[in-house]
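Scroll down for the structure; my scribbles are underneath it.
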Amino acid sequence: MKSTTINSKRSLLEKIRLLPYQEKGAAAIFILPFMIGFLLLNIFPIIYSFVISFMDYNTLKPLSEVSFIGFQNYFRIMDDPIALSAFVKSFQYTLVYVPGVMIFGFLLALLLNRTFALRGIARTMILMPYVANVVAVALIWSILLNPTNGPVNQFLSLLGVENLPLWLVGVDTALPTIALINVWQSLAFQTIVFLAAIQGVDKSLYEAAVIDGANKWQKIFHVTLPSISPTTFFLLVTSIIGSFQNYATVRMLTNGGPGNASRVISLNIYEEAFALNHYSYASAQAIVLFLIVLVLTIIQWKGQKRWVHY
Amino acid sequence: MKRNTKVLLAVLLSVFMLTVVACGSNDDTSSESGAGASTESNESNESNDAVRKVTIFEDAKRSEEENLKKMYEDFTNETGIEVEMVVIPGDGIEIFKKIDVQLVTGDQTDVIRLSNPLLIQKYMNNGWLAPLDDVMAEDGYDAESIFGEFLREGDDGKTYVLPYQAGKWAVYYNKKIFDEAGVPYPSGYWTWDEYIETAKQLTDKNNGIYGSYMLDYDAYLYMLARQYEVEGYKEDGTSNYDDPKFAEALQFFGDLGNVHEIQPSWLEFKSSKLSWDGFMSGNYGMHFIGSWYSSLFADQATYPRDWEVGITQIPVPADGNGDNNFGVDSGYGINKSAANPDEAYEFIKWMAENQYKYAGDLPARVDLTEDQIAELFQDYSDSVNGEITAEDMNNALFTSDLGFVDEKIVGPAATEYGNIILQEGELYLVGQTSLEDTVQTIKQRADKAIEDAETDS
């Protein structure tokens, strides 16, 4: 009996010792550090958030005093016009940001793919907003778009524009302005990925299209776009997910104002959790946001069969 | 050892270290409660290290202030207890978002400085502070006789906080702007109408000068109502924001910038991202603010200026029914999981009694003699090279005939209430909603927040 146990222990140690010599074993060991980090820093917080969304952890009290309250935090969202409005604002933000960043990213990539003077410098310059600090970006744009004495409105005034936009302090203009500033800042990533994809398109396809009499636009619509559709799909999915997670720029530019005009759901979740200590309620909102993003991603995943060509 | 085995060991060691770092926590399982209750871990710390110390949360900016360092040095020299700052990134009340999370995760930092009544209420009533009654009784410390009305009690009737400051509001003014405009300095009893007229005389927008400067704190949006002593809550616990005085207060504040144009409008304040210390730029004639602001004038290193400052008492409504000043009290509490509760008790006691000597603010002590008050004001006067005399301070903050009311709306869901006033009030101030709609929305949202707070608690 004792020798069997020793043998089994030896056998286990032997298996561990031999792991690096086996392809699957080596692979497992190599991804183990990432998996542990992923589980601890991503999966566990998500599970934790999910669990406390069913609790009454909505004051700054010790965890030992919280109890389960079922779906009450989820029902509360339905009765909270600010939270509902924040979800709508996030959708509105996405509707401006995603088309903006995709269309301008693609057009800029087409432009940068052409041969022109100082192309290298131009390619480097478009990266600058992407690597700029969000606080600096917010400060610069706040100065530029200052409705009372900012250079943008002064220029518009010179052009004879009478009802000058309030930009970041206007109820109707704050959210689209933030979205466009984010488009400007994020454009470099989309552009570079599009550029790499465009450069990977088989040249013979363009030659064949020219032989068939295709003009410049037909080549873009019938050769370039279908050829880079997997890249477009990837960028579309990540842009939509990123747009729902937007927090830093909104926080820096308007902090959700004026009133709640630019209060997107990420900001609302943060404020509920950390300014008001409504941890469970904020978690419920976060879970709903997660489900919305998940559903949108599944719809895109299913829909890709129609337009993505691998 | 074979190479592959070494690689395997290195990988496993990395994983182990990652796990340890990720799971690392300075949690202590001690469940001792009450200031002065020594924990086991504390004893073992002391046996390893003879130096007594106390830890306190500080925000990044404050942790660099010379006044603060000098105060802590003096405390250490007097008690032998070293002060270790736990610096939290961010300034002002922003740091409490991080402190909240730290406390929930069992942080053992000893002392929390609570800079307004809302924070005192929150930490005191949610059980994060150690009660002081037993240890004060054991020490024979009569806090009541020292701090009087400023000694707050929790919902359970216990004392958790020793107050170090009971600020009042005042009007600070830029003498250079007054001199250049040929306007006499304000002094003594005056009304808001006189304040507006004075500010109009000082305002010179072509040269970027405004006669007045006010901030974007919620209190400004209802200051007039508080002067009239209108409460934030009705007797049945619901919001009292539908009291006409709140509408009057909001309109009054909005008119200062939008109609009278004596100060940056809300729109200009927000779009230009004007700051809480904007008055120090020298572009504003008067600043209506709490007396905590006094310390900025003594700090010539951070705020170099070529103008002198004066102080006078706050204006009041002309009808004579709101002859009140207002302000907030601040205090120190001890974390219920403090690693060094004995030292923390010594610390908060010393700070509550002595901090006013360093910060240029008003003490929360009722036991000080007139001579001690005079000495305090004289010290402050010396620190600003006599620009403000001891008599000026005394007249503005102590000997005026004004009554005193709480500056903040304190009660259930007070933080939410303040945020709602700011969010909805802002829409009125930038001309997006009518006064009536604003009042109605604030009332509805505040009632809902109060109701939710009752459900949550």
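Letters A, B, ... go to the chains of the structure tokens in the order shown; residues in each chain start at 1; ligands are counted from 1 in the same order.
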
Shell of 9 Å around Leu422 in chain B, only C-alpha atoms, local chain residues under 5 positions omitted, as number ranges by chain: A: 259; B: 216-218, 221, 417, 427

Surrounding residues of Val98 in chain A excluding itself and chain neighbours under 4 positions, 7 Å, only C-alpha atoms, as a list in words: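 Here the qualifying residues turn out to be Thr94, Met102, Ser239 and Ile240 of chain A.
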
For chain A, the nearest of the candidates B:Asn354, B:Ser457, B:Asn395, B:Ser381, counting only C-alpha atoms: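 Ranking B:Asn354, B:Ser457, B:Asn395, B:Ser381 by distance to chain A, first place goes to B:Ser457.
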
Check: which chain B residues lie within 6 Å of chain A using only C-alpha atoms, as a list in words: Val15, Lys97, Asn126, Ser271, Gln423, Glu424, Glu426, Leu427 and Asp456 of chain B

Contacts of range 256-270 of chain B within 9 Å, only C-alpha atoms, excl. fewer than 5 positions in-chain, as a ChimeraX atom specification: /A:146-148,169,254 /B:196-197,199-203,209-216,251,275,284,426,429-430

Filtered DSSP result for range 170-398 of chain B, state strand (DSSP E or B), as number ranges by chain: B: 170-174, 191, 204, 209-213, 233, 239, 284-290, 309-312, 316, 324-327, 329-335

Distance table requested - range 406-451 of chain B against range 244-249 of chain B, cut-off 8 Å, only C-alpha atoms: one row per qualifying residue with the closest atom pair and its distance in Å to one decimal, ordered by chain and rising residue number, as a tab-separated table.
```
residue	atom	partner	partner_atom	distance
B:Leu435	CA	B:Ala247	CA	6.8
B:Glu436	CA	B:Ala247	CA	7.8
B:Val439	CA	B:Ala247	CA	6.5
```

Limited to C-alpha atoms, could you put the picked residues into a file as an mmCIF file, in the first residue's frame?
```
data_model
loop_
_atom_site.group_PDB
_atom_site.id
_atom_site.type_symbol
_atom_site.label_atom_id
_atom_site.label_comp_id
_atom_site.auth_asym_id
_atom_site.auth_seq_id
_atom_site.Cartn_x
_atom_site.Cartn_y
_atom_site.Cartn_z
ATOM 1 C CA LEU B 435 -35.930 78.041 -12.732
ATOM 2 C CA GLU B 436 -39.262 76.329 -12.058
ATOM 3 C CA VAL B 439 -36.448 73.328 -8.778
#
```

Nearby residues (only C-alpha atoms) at most 9 Å from Asp406 in chain B, same-chain spacing under 5 positions excluded, as a VMD selection string: chain B and resid 226 229 325 to 329

Coordinates-based distance that separates CA of Val410 in chain B from CA of Leu118 in chain B (Å, one decimal):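 Computed distance, CA of Leu118 in chain B to CA of Val410 in chain B, equals 6.4 Å.
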
If DSSP is run on the backbone, what residues of range 69-286 of chain B are alpha helix (DSSP H)? A reply as a tab-separated table (two decimals) with N, CA, C and O atoms, in the first residue's frame would be ideal.
```
chain	number	residue	atom	x	y	z
B	69	LYS	N	4.47	69.85	7.30
B	69	LYS	CA	5.69	69.17	7.75
B	69	LYS	C	6.15	69.72	9.09
B	69	LYS	O	6.57	68.98	9.98
B	70	LYS	N	6.06	71.05	9.23
B	70	LYS	CA	6.47	71.69	10.49
B	70	LYS	C	5.57	71.21	11.64
B	70	LYS	O	6.05	70.91	12.74
B	71	MET	N	4.27	71.11	11.36
B	71	MET	CA	3.32	70.68	12.39
B	71	MET	C	3.63	69.25	12.85
B	71	MET	O	3.65	68.97	14.04
B	72	TYR	N	3.91	68.39	11.89
B	72	TYR	CA	4.22	67.00	12.24
B	72	TYR	C	5.55	66.90	12.98
B	72	TYR	O	5.71	66.09	13.90
B	73	GLU	N	6.50	67.74	12.60
B	73	GLU	CA	7.79	67.74	13.30
B	73	GLU	C	7.60	68.14	14.76
B	73	GLU	O	8.15	67.53	15.67
B	74	ASP	N	6.80	69.18	14.96
B	74	ASP	CA	6.55	69.64	16.33
B	74	ASP	C	5.83	68.57	17.15
B	74	ASP	O	6.12	68.37	18.33
B	75	PHE	N	4.90	67.88	16.49
B	75	PHE	CA	4.20	66.79	17.19
B	75	PHE	C	5.19	65.71	17.60
B	75	PHE	O	5.16	65.22	18.74
B	76	THR	N	6.07	65.36	16.68
B	76	THR	CA	7.07	64.31	16.97
B	76	THR	C	8.00	64.77	18.09
B	76	THR	O	8.30	63.99	19.02
B	77	ASN	N	8.45	66.03	18.04
B	77	ASN	CA	9.35	66.52	19.09
B	77	ASN	C	8.69	66.49	20.45
B	77	ASN	O	9.33	66.23	21.47
B	78	GLU	N	7.38	66.76	20.47
B	78	GLU	CA	6.69	66.83	21.75
B	78	GLU	C	6.31	65.45	22.30
B	78	GLU	O	6.31	65.24	23.51
B	79	THR	N	5.97	64.53	21.41
B	79	THR	CA	5.44	63.23	21.87
B	79	THR	C	6.37	62.06	21.62
B	79	THR	O	6.17	60.97	22.17
B	95	ILE	N	-9.57	62.17	-2.84
B	95	ILE	CA	-8.80	61.08	-2.24
B	95	ILE	C	-9.69	60.13	-1.44
B	95	ILE	O	-9.31	58.99	-1.20
B	96	PHE	N	-10.86	60.60	-1.05
B	96	PHE	CA	-11.71	59.74	-0.23
B	96	PHE	C	-12.30	58.57	-1.02
B	96	PHE	O	-12.72	57.57	-0.44
B	97	LYS	N	-12.34	58.71	-2.36
B	97	LYS	CA	-12.77	57.57	-3.18
B	97	LYS	C	-11.80	56.41	-2.99
B	97	LYS	O	-12.19	55.25	-2.92
B	98	LYS	N	-10.52	56.75	-2.93
B	98	LYS	CA	-9.49	55.72	-2.75
B	98	LYS	C	-9.47	55.24	-1.30
B	98	LYS	O	-9.34	54.04	-1.03
B	99	ILE	N	-9.64	56.17	-0.37
B	99	ILE	CA	-9.63	55.79	1.04
B	99	ILE	C	-10.78	54.82	1.35
B	99	ILE	O	-10.61	53.85	2.08
B	100	ASP	N	-11.94	55.07	0.75
B	100	ASP	CA	-13.09	54.16	0.94
B	100	ASP	C	-12.70	52.73	0.61
B	100	ASP	O	-12.97	51.79	1.37
B	101	VAL	N	-12.07	52.58	-0.56
B	101	VAL	CA	-11.70	51.24	-1.01
B	101	VAL	C	-10.64	50.65	-0.09
B	101	VAL	O	-10.67	49.47	0.27
B	102	GLN	N	-9.69	51.50	0.32
B	102	GLN	CA	-8.63	51.04	1.23
B	102	GLN	C	-9.24	50.49	2.52
B	102	GLN	O	-8.84	49.45	3.03
B	103	LEU	N	-10.22	51.21	3.05
B	103	LEU	CA	-10.83	50.80	4.32
B	103	LEU	C	-11.56	49.48	4.17
B	103	LEU	O	-11.47	48.59	5.03
B	104	VAL	N	-12.30	49.36	3.07
B	104	VAL	CA	-13.07	48.13	2.84
B	104	VAL	C	-12.13	46.92	2.76
B	104	VAL	O	-12.47	45.83	3.18
B	117	PRO	N	-18.39	67.99	7.09
B	117	PRO	CA	-19.36	67.24	7.89
B	117	PRO	C	-19.94	66.01	7.17
B	117	PRO	O	-20.33	65.04	7.81
B	118	LEU	N	-20.01	66.06	5.82
B	118	LEU	CA	-20.55	64.91	5.08
B	118	LEU	C	-19.63	63.71	5.25
B	118	LEU	O	-20.09	62.57	5.40
B	119	LEU	N	-18.33	63.96	5.20
B	119	LEU	CA	-17.37	62.86	5.37
B	119	LEU	C	-17.41	62.35	6.80
B	119	LEU	O	-17.38	61.14	7.04
B	120	ILE	N	-17.51	63.27	7.75
B	120	ILE	CA	-17.59	62.85	9.16
B	120	ILE	C	-18.82	61.96	9.36
B	120	ILE	O	-18.74	60.88	9.94
B	121	GLN	N	-19.93	62.41	8.80
B	121	GLN	CA	-21.18	61.65	8.92
B	121	GLN	C	-21.03	60.25	8.30
B	121	GLN	O	-21.42	59.25	8.89
B	122	LYS	N	-20.43	60.22	7.12
B	122	LYS	CA	-20.32	58.94	6.39
B	122	LYS	C	-19.45	57.93	7.14
B	122	LYS	O	-19.86	56.79	7.36
B	123	TYR	N	-18.27	58.35	7.55
B	123	TYR	CA	-17.34	57.41	8.20
B	123	TYR	C	-17.80	57.04	9.60
B	123	TYR	O	-17.64	55.92	10.05
B	124	MET	N	-18.41	58.02	10.27
B	124	MET	CA	-18.84	57.81	11.65
B	124	MET	C	-20.01	56.82	11.70
B	124	MET	O	-19.99	55.86	12.47
B	125	ASN	N	-20.98	57.04	10.84
B	125	ASN	CA	-22.21	56.25	10.93
B	125	ASN	C	-22.14	54.91	10.21
B	125	ASN	O	-23.04	54.09	10.33
B	133	ASP	N	-14.88	57.36	23.27
B	133	ASP	CA	-15.41	57.65	24.62
B	133	ASP	C	-14.63	56.94	25.73
B	133	ASP	O	-14.24	57.56	26.71
B	134	ASP	N	-14.41	55.62	25.57
B	134	ASP	CA	-13.75	54.86	26.63
B	134	ASP	C	-12.32	55.34	26.85
B	134	ASP	O	-11.90	55.55	27.99
B	135	VAL	N	-11.61	55.51	25.76
B	135	VAL	CA	-10.21	55.90	25.92
B	135	VAL	C	-10.08	57.32	26.46
B	135	VAL	O	-9.18	57.63	27.26
B	136	MET	N	-11.04	58.19	26.10
B	136	MET	CA	-11.00	59.55	26.64
B	136	MET	C	-11.32	59.54	28.13
B	136	MET	O	-10.72	60.25	28.92
B	137	ALA	N	-12.28	58.66	28.51
B	137	ALA	CA	-12.63	58.55	29.93
B	137	ALA	C	-11.44	58.03	30.73
B	137	ALA	O	-11.11	58.54	31.81
B	138	GLU	N	-10.77	57.04	30.17
B	138	GLU	CA	-9.60	56.45	30.83
B	138	GLU	C	-8.48	57.49	30.96
B	138	GLU	O	-7.76	57.52	31.95
B	139	ASP	N	-8.39	58.34	29.96
B	139	ASP	CA	-7.35	59.37	29.92
B	139	ASP	C	-7.74	60.60	30.74
B	139	ASP	O	-6.91	61.48	30.99
B	143	ALA	N	-13.25	66.29	26.47
B	143	ALA	CA	-13.36	66.86	25.12
B	143	ALA	C	-14.49	67.88	25.04
B	143	ALA	O	-14.38	68.87	24.32
B	144	GLU	N	-15.54	67.63	25.80
B	144	GLU	CA	-16.71	68.51	25.77
B	144	GLU	C	-16.33	69.94	26.14
B	144	GLU	O	-16.76	70.91	25.51
B	145	SER	N	-15.48	70.07	27.17
B	145	SER	CA	-15.11	71.41	27.62
B	145	SER	C	-14.16	72.10	26.64
B	145	SER	O	-14.05	73.32	26.63
B	146	ILE	N	-13.48	71.31	25.83
B	146	ILE	CA	-12.52	71.90	24.88
B	146	ILE	C	-13.21	72.25	23.56
B	146	ILE	O	-12.97	73.30	22.97
B	147	PHE	N	-14.05	71.33	23.07
B	147	PHE	CA	-14.62	71.51	21.72
B	147	PHE	C	-16.10	71.89	21.72
B	147	PHE	O	-16.64	72.28	20.68
B	175	LYS	N	-6.47	94.42	-2.60
B	175	LYS	CA	-6.37	95.87	-2.34
B	175	LYS	C	-5.91	96.63	-3.57
B	175	LYS	O	-6.30	97.79	-3.77
B	176	LYS	N	-5.10	95.98	-4.39
B	176	LYS	CA	-4.58	96.66	-5.59
B	176	LYS	C	-5.72	97.02	-6.54
B	176	LYS	O	-5.78	98.14	-7.07
B	177	ILE	N	-6.62	96.07	-6.73
B	177	ILE	CA	-7.76	96.33	-7.64
B	177	ILE	C	-8.67	97.42	-7.06
B	177	ILE	O	-9.15	98.29	-7.78
B	178	PHE	N	-8.87	97.39	-5.76
B	178	PHE	CA	-9.68	98.44	-5.12
B	178	PHE	C	-9.01	99.80	-5.30
B	178	PHE	O	-9.67	100.80	-5.63
B	179	ASP	N	-7.69	99.85	-5.07
B	179	ASP	CA	-6.97	101.13	-5.16
B	179	ASP	C	-7.03	101.67	-6.59
B	179	ASP	O	-7.27	102.87	-6.79
B	180	GLU	N	-6.82	100.79	-7.56
B	180	GLU	CA	-6.81	101.24	-8.95
B	180	GLU	C	-8.19	101.73	-9.40
B	180	GLU	O	-8.30	102.61	-10.25
B	181	ALA	N	-9.23	101.15	-8.83
B	181	ALA	CA	-10.59	101.57	-9.19
B	181	ALA	C	-11.06	102.74	-8.32
B	181	ALA	O	-12.16	103.28	-8.54
B	192	TRP	N	-25.81	92.15	0.32
B	192	TRP	CA	-25.46	91.61	-0.99
B	192	TRP	C	-25.61	92.68	-2.07
B	192	TRP	O	-24.85	92.69	-3.04
B	193	ASP	N	-26.57	93.58	-1.90
B	193	ASP	CA	-26.73	94.67	-2.88
B	193	ASP	C	-25.47	95.52	-2.93
B	193	ASP	O	-24.99	95.92	-4.00
B	194	GLU	N	-24.93	95.79	-1.73
B	194	GLU	CA	-23.69	96.60	-1.67
B	194	GLU	C	-22.51	95.83	-2.25
B	194	GLU	O	-21.63	96.41	-2.90
B	195	TYR	N	-22.51	94.52	-2.01
B	195	TYR	CA	-21.45	93.68	-2.58
B	195	TYR	C	-21.48	93.77	-4.11
B	195	TYR	O	-20.45	93.95	-4.76
B	196	ILE	N	-22.69	93.66	-4.67
B	196	ILE	CA	-22.83	93.70	-6.14
B	196	ILE	C	-22.41	95.06	-6.68
B	196	ILE	O	-21.68	95.15	-7.68
B	197	GLU	N	-22.82	96.11	-6.01
B	197	GLU	CA	-22.45	97.46	-6.47
B	197	GLU	C	-20.93	97.66	-6.42
B	197	GLU	O	-20.33	98.23	-7.34
B	198	THR	N	-20.33	97.21	-5.33
B	198	THR	CA	-18.87	97.33	-5.20
B	198	THR	C	-18.18	96.56	-6.31
B	198	THR	O	-17.24	97.06	-6.95
B	199	ALA	N	-18.65	95.33	-6.56
B	199	ALA	CA	-18.04	94.49	-7.59
B	199	ALA	C	-18.18	95.10	-8.97
B	199	ALA	O	-17.26	95.01	-9.80
B	200	LYS	N	-19.31	95.76	-9.20
B	200	LYS	CA	-19.51	96.41	-10.50
B	200	LYS	C	-18.47	97.50	-10.73
B	200	LYS	O	-17.95	97.68	-11.82
B	201	GLN	N	-18.20	98.25	-9.64
B	201	GLN	CA	-17.21	99.33	-9.73
B	201	GLN	C	-15.81	98.79	-10.00
B	201	GLN	O	-14.98	99.46	-10.62
B	202	LEU	N	-15.56	97.57	-9.55
B	202	LEU	CA	-14.22	96.99	-9.72
B	202	LEU	C	-14.05	96.30	-11.07
B	202	LEU	O	-12.93	96.16	-11.57
B	218	ASP	N	-21.33	73.17	-4.60
B	218	ASP	CA	-22.78	73.16	-4.46
B	218	ASP	C	-23.28	74.23	-3.48
B	218	ASP	O	-24.35	74.82	-3.66
B	219	ALA	N	-22.47	74.53	-2.46
B	219	ALA	CA	-22.91	75.48	-1.43
B	219	ALA	C	-23.23	76.86	-2.02
B	219	ALA	O	-24.11	77.56	-1.52
B	220	TYR	N	-22.51	77.24	-3.07
B	220	TYR	CA	-22.76	78.55	-3.68
B	220	TYR	C	-24.19	78.63	-4.26
B	220	TYR	O	-24.79	79.69	-4.30
B	221	LEU	N	-24.69	77.46	-4.71
B	221	LEU	CA	-25.99	77.46	-5.37
B	221	LEU	C	-27.15	77.61	-4.38
B	221	LEU	O	-28.28	77.86	-4.78
B	222	TYR	N	-26.84	77.40	-3.09
B	222	TYR	CA	-27.92	77.56	-2.10
B	222	TYR	C	-27.49	78.40	-0.89
B	222	TYR	O	-28.12	78.34	0.17
B	223	MET	N	-26.41	79.17	-1.06
B	223	MET	CA	-25.87	79.91	0.10
B	223	MET	C	-26.89	80.88	0.69
B	223	MET	O	-26.97	81.02	1.91
B	224	LEU	N	-27.66	81.52	-0.18
B	224	LEU	CA	-28.63	82.48	0.33
B	224	LEU	C	-29.69	81.78	1.18
B	224	LEU	O	-30.10	82.29	2.23
B	225	ALA	N	-30.12	80.61	0.74
B	225	ALA	CA	-31.11	79.85	1.51
B	225	ALA	C	-30.56	79.47	2.89
B	225	ALA	O	-31.27	79.52	3.89
B	226	ARG	N	-29.27	79.11	2.91
B	226	ARG	CA	-28.67	78.75	4.20
B	226	ARG	C	-28.57	79.99	5.11
B	226	ARG	O	-28.74	79.88	6.32
B	227	GLN	N	-28.29	81.15	4.50
B	227	GLN	CA	-28.25	82.37	5.33
B	227	GLN	C	-29.61	82.63	5.98
B	227	GLN	O	-29.68	83.11	7.09
B	244	PRO	N	-39.31	78.26	-1.52
B	244	PRO	CA	-38.97	79.33	-2.47
B	244	PRO	C	-37.60	79.95	-2.26
B	244	PRO	O	-37.01	80.49	-3.19
B	245	LYS	N	-37.07	79.84	-1.06
B	245	LYS	CA	-35.76	80.43	-0.79
B	245	LYS	C	-34.65	79.74	-1.59
B	245	LYS	O	-33.62	80.35	-1.91
B	246	PHE	N	-34.84	78.44	-1.89
B	246	PHE	CA	-33.82	77.74	-2.69
B	246	PHE	C	-33.82	78.26	-4.12
B	246	PHE	O	-32.77	78.44	-4.72
B	247	ALA	N	-35.04	78.48	-4.65
B	247	ALA	CA	-35.13	79.04	-6.01
B	247	ALA	C	-34.51	80.43	-6.04
B	247	ALA	O	-33.76	80.79	-6.95
B	248	GLU	N	-34.82	81.21	-5.00
B	248	GLU	CA	-34.28	82.57	-4.91
B	248	GLU	C	-32.75	82.53	-4.85
B	248	GLU	O	-32.05	83.32	-5.50
B	249	ALA	N	-32.24	81.57	-4.06
B	249	ALA	CA	-30.78	81.45	-3.91
B	249	ALA	C	-30.11	81.08	-5.23
B	249	ALA	O	-29.07	81.64	-5.60
B	250	LEU	N	-30.72	80.14	-5.96
B	250	LEU	CA	-30.14	79.71	-7.24
B	250	LEU	C	-30.16	80.86	-8.25
B	250	LEU	O	-29.17	81.11	-8.95
B	251	GLN	N	-31.27	81.56	-8.29
B	251	GLN	CA	-31.38	82.68	-9.22
B	251	GLN	C	-30.37	83.78	-8.85
B	251	GLN	O	-29.72	84.35	-9.73
B	252	PHE	N	-30.26	84.04	-7.55
B	252	PHE	CA	-29.33	85.07	-7.09
B	252	PHE	C	-27.90	84.74	-7.53
B	252	PHE	O	-27.19	85.59	-8.08
B	253	PHE	N	-27.50	83.49	-7.32
B	253	PHE	CA	-26.13	83.10	-7.69
B	253	PHE	C	-25.93	83.21	-9.20
B	253	PHE	O	-24.90	83.70	-9.67
B	254	GLY	N	-26.91	82.73	-9.97
B	254	GLY	CA	-26.80	82.79	-11.43
B	254	GLY	C	-26.70	84.22	-11.94
B	254	GLY	O	-25.90	84.52	-12.83
B	255	ASP	N	-27.48	85.11	-11.32
B	255	ASP	CA	-27.51	86.51	-11.76
B	255	ASP	C	-26.17	87.21	-11.56
B	255	ASP	O	-25.83	88.14	-12.29
B	256	LEU	N	-25.40	86.79	-10.56
B	256	LEU	CA	-24.12	87.44	-10.30
B	256	LEU	C	-23.24	87.41	-11.55
B	256	LEU	O	-22.55	88.38	-11.87
B	257	GLY	N	-23.26	86.28	-12.25
B	257	GLY	CA	-22.45	86.15	-13.46
B	257	GLY	C	-23.21	86.51	-14.72
B	257	GLY	O	-22.69	87.20	-15.60
B	258	ASN	N	-24.47	86.07	-14.81
B	258	ASN	CA	-25.22	86.23	-16.06
B	258	ASN	C	-25.86	87.61	-16.24
B	258	ASN	O	-25.92	88.11	-17.36
B	266	TRP	N	-21.25	80.95	-14.96
B	266	TRP	CA	-21.02	79.50	-14.82
B	266	TRP	C	-20.43	78.94	-16.11
B	266	TRP	O	-19.51	78.12	-16.08
B	267	LEU	N	-20.97	79.42	-17.23
B	267	LEU	CA	-20.51	78.96	-18.54
B	267	LEU	C	-19.03	79.28	-18.72
B	267	LEU	O	-18.24	78.42	-19.14
B	268	GLU	N	-18.65	80.50	-18.37
B	268	GLU	CA	-17.25	80.90	-18.51
B	268	GLU	C	-16.37	80.15	-17.53
B	268	GLU	O	-15.25	79.74	-17.87
B	269	PHE	N	-16.85	79.97	-16.32
B	269	PHE	CA	-16.08	79.26	-15.30
B	269	PHE	C	-15.76	77.85	-15.79
B	269	PHE	O	-14.63	77.38	-15.70
B	270	LYS	N	-16.79	77.17	-16.31
B	270	LYS	CA	-16.62	75.78	-16.73
B	270	LYS	C	-15.80	75.69	-18.02
B	270	LYS	O	-14.92	74.83	-18.14
B	271	SER	N	-16.12	76.54	-19.01
B	271	SER	CA	-15.44	76.39	-20.29
B	271	SER	C	-13.98	76.82	-20.19
B	271	SER	O	-13.13	76.29	-20.89
```

Interatomic distance (Å, one decimal) between CA of Val51 in chain B and CA of Tyr345 in chain B: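 CA of Tyr345 in chain B lies at a distance of 16.3 Å from CA of Val51 in chain B.
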
Non-local contacts of range 68-74 of chain A (9 Å; only C-alpha atoms; under 5 positions in same chain excluded) as a list in words: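 Non-adjacent residues within range: Val51, Ile52, Ser53, Phe54, Met55, Asp56, Tyr57, Ser280, Tyr281, Ala282, Ser283, Ala284, Gln285 and Val288 of chain A.
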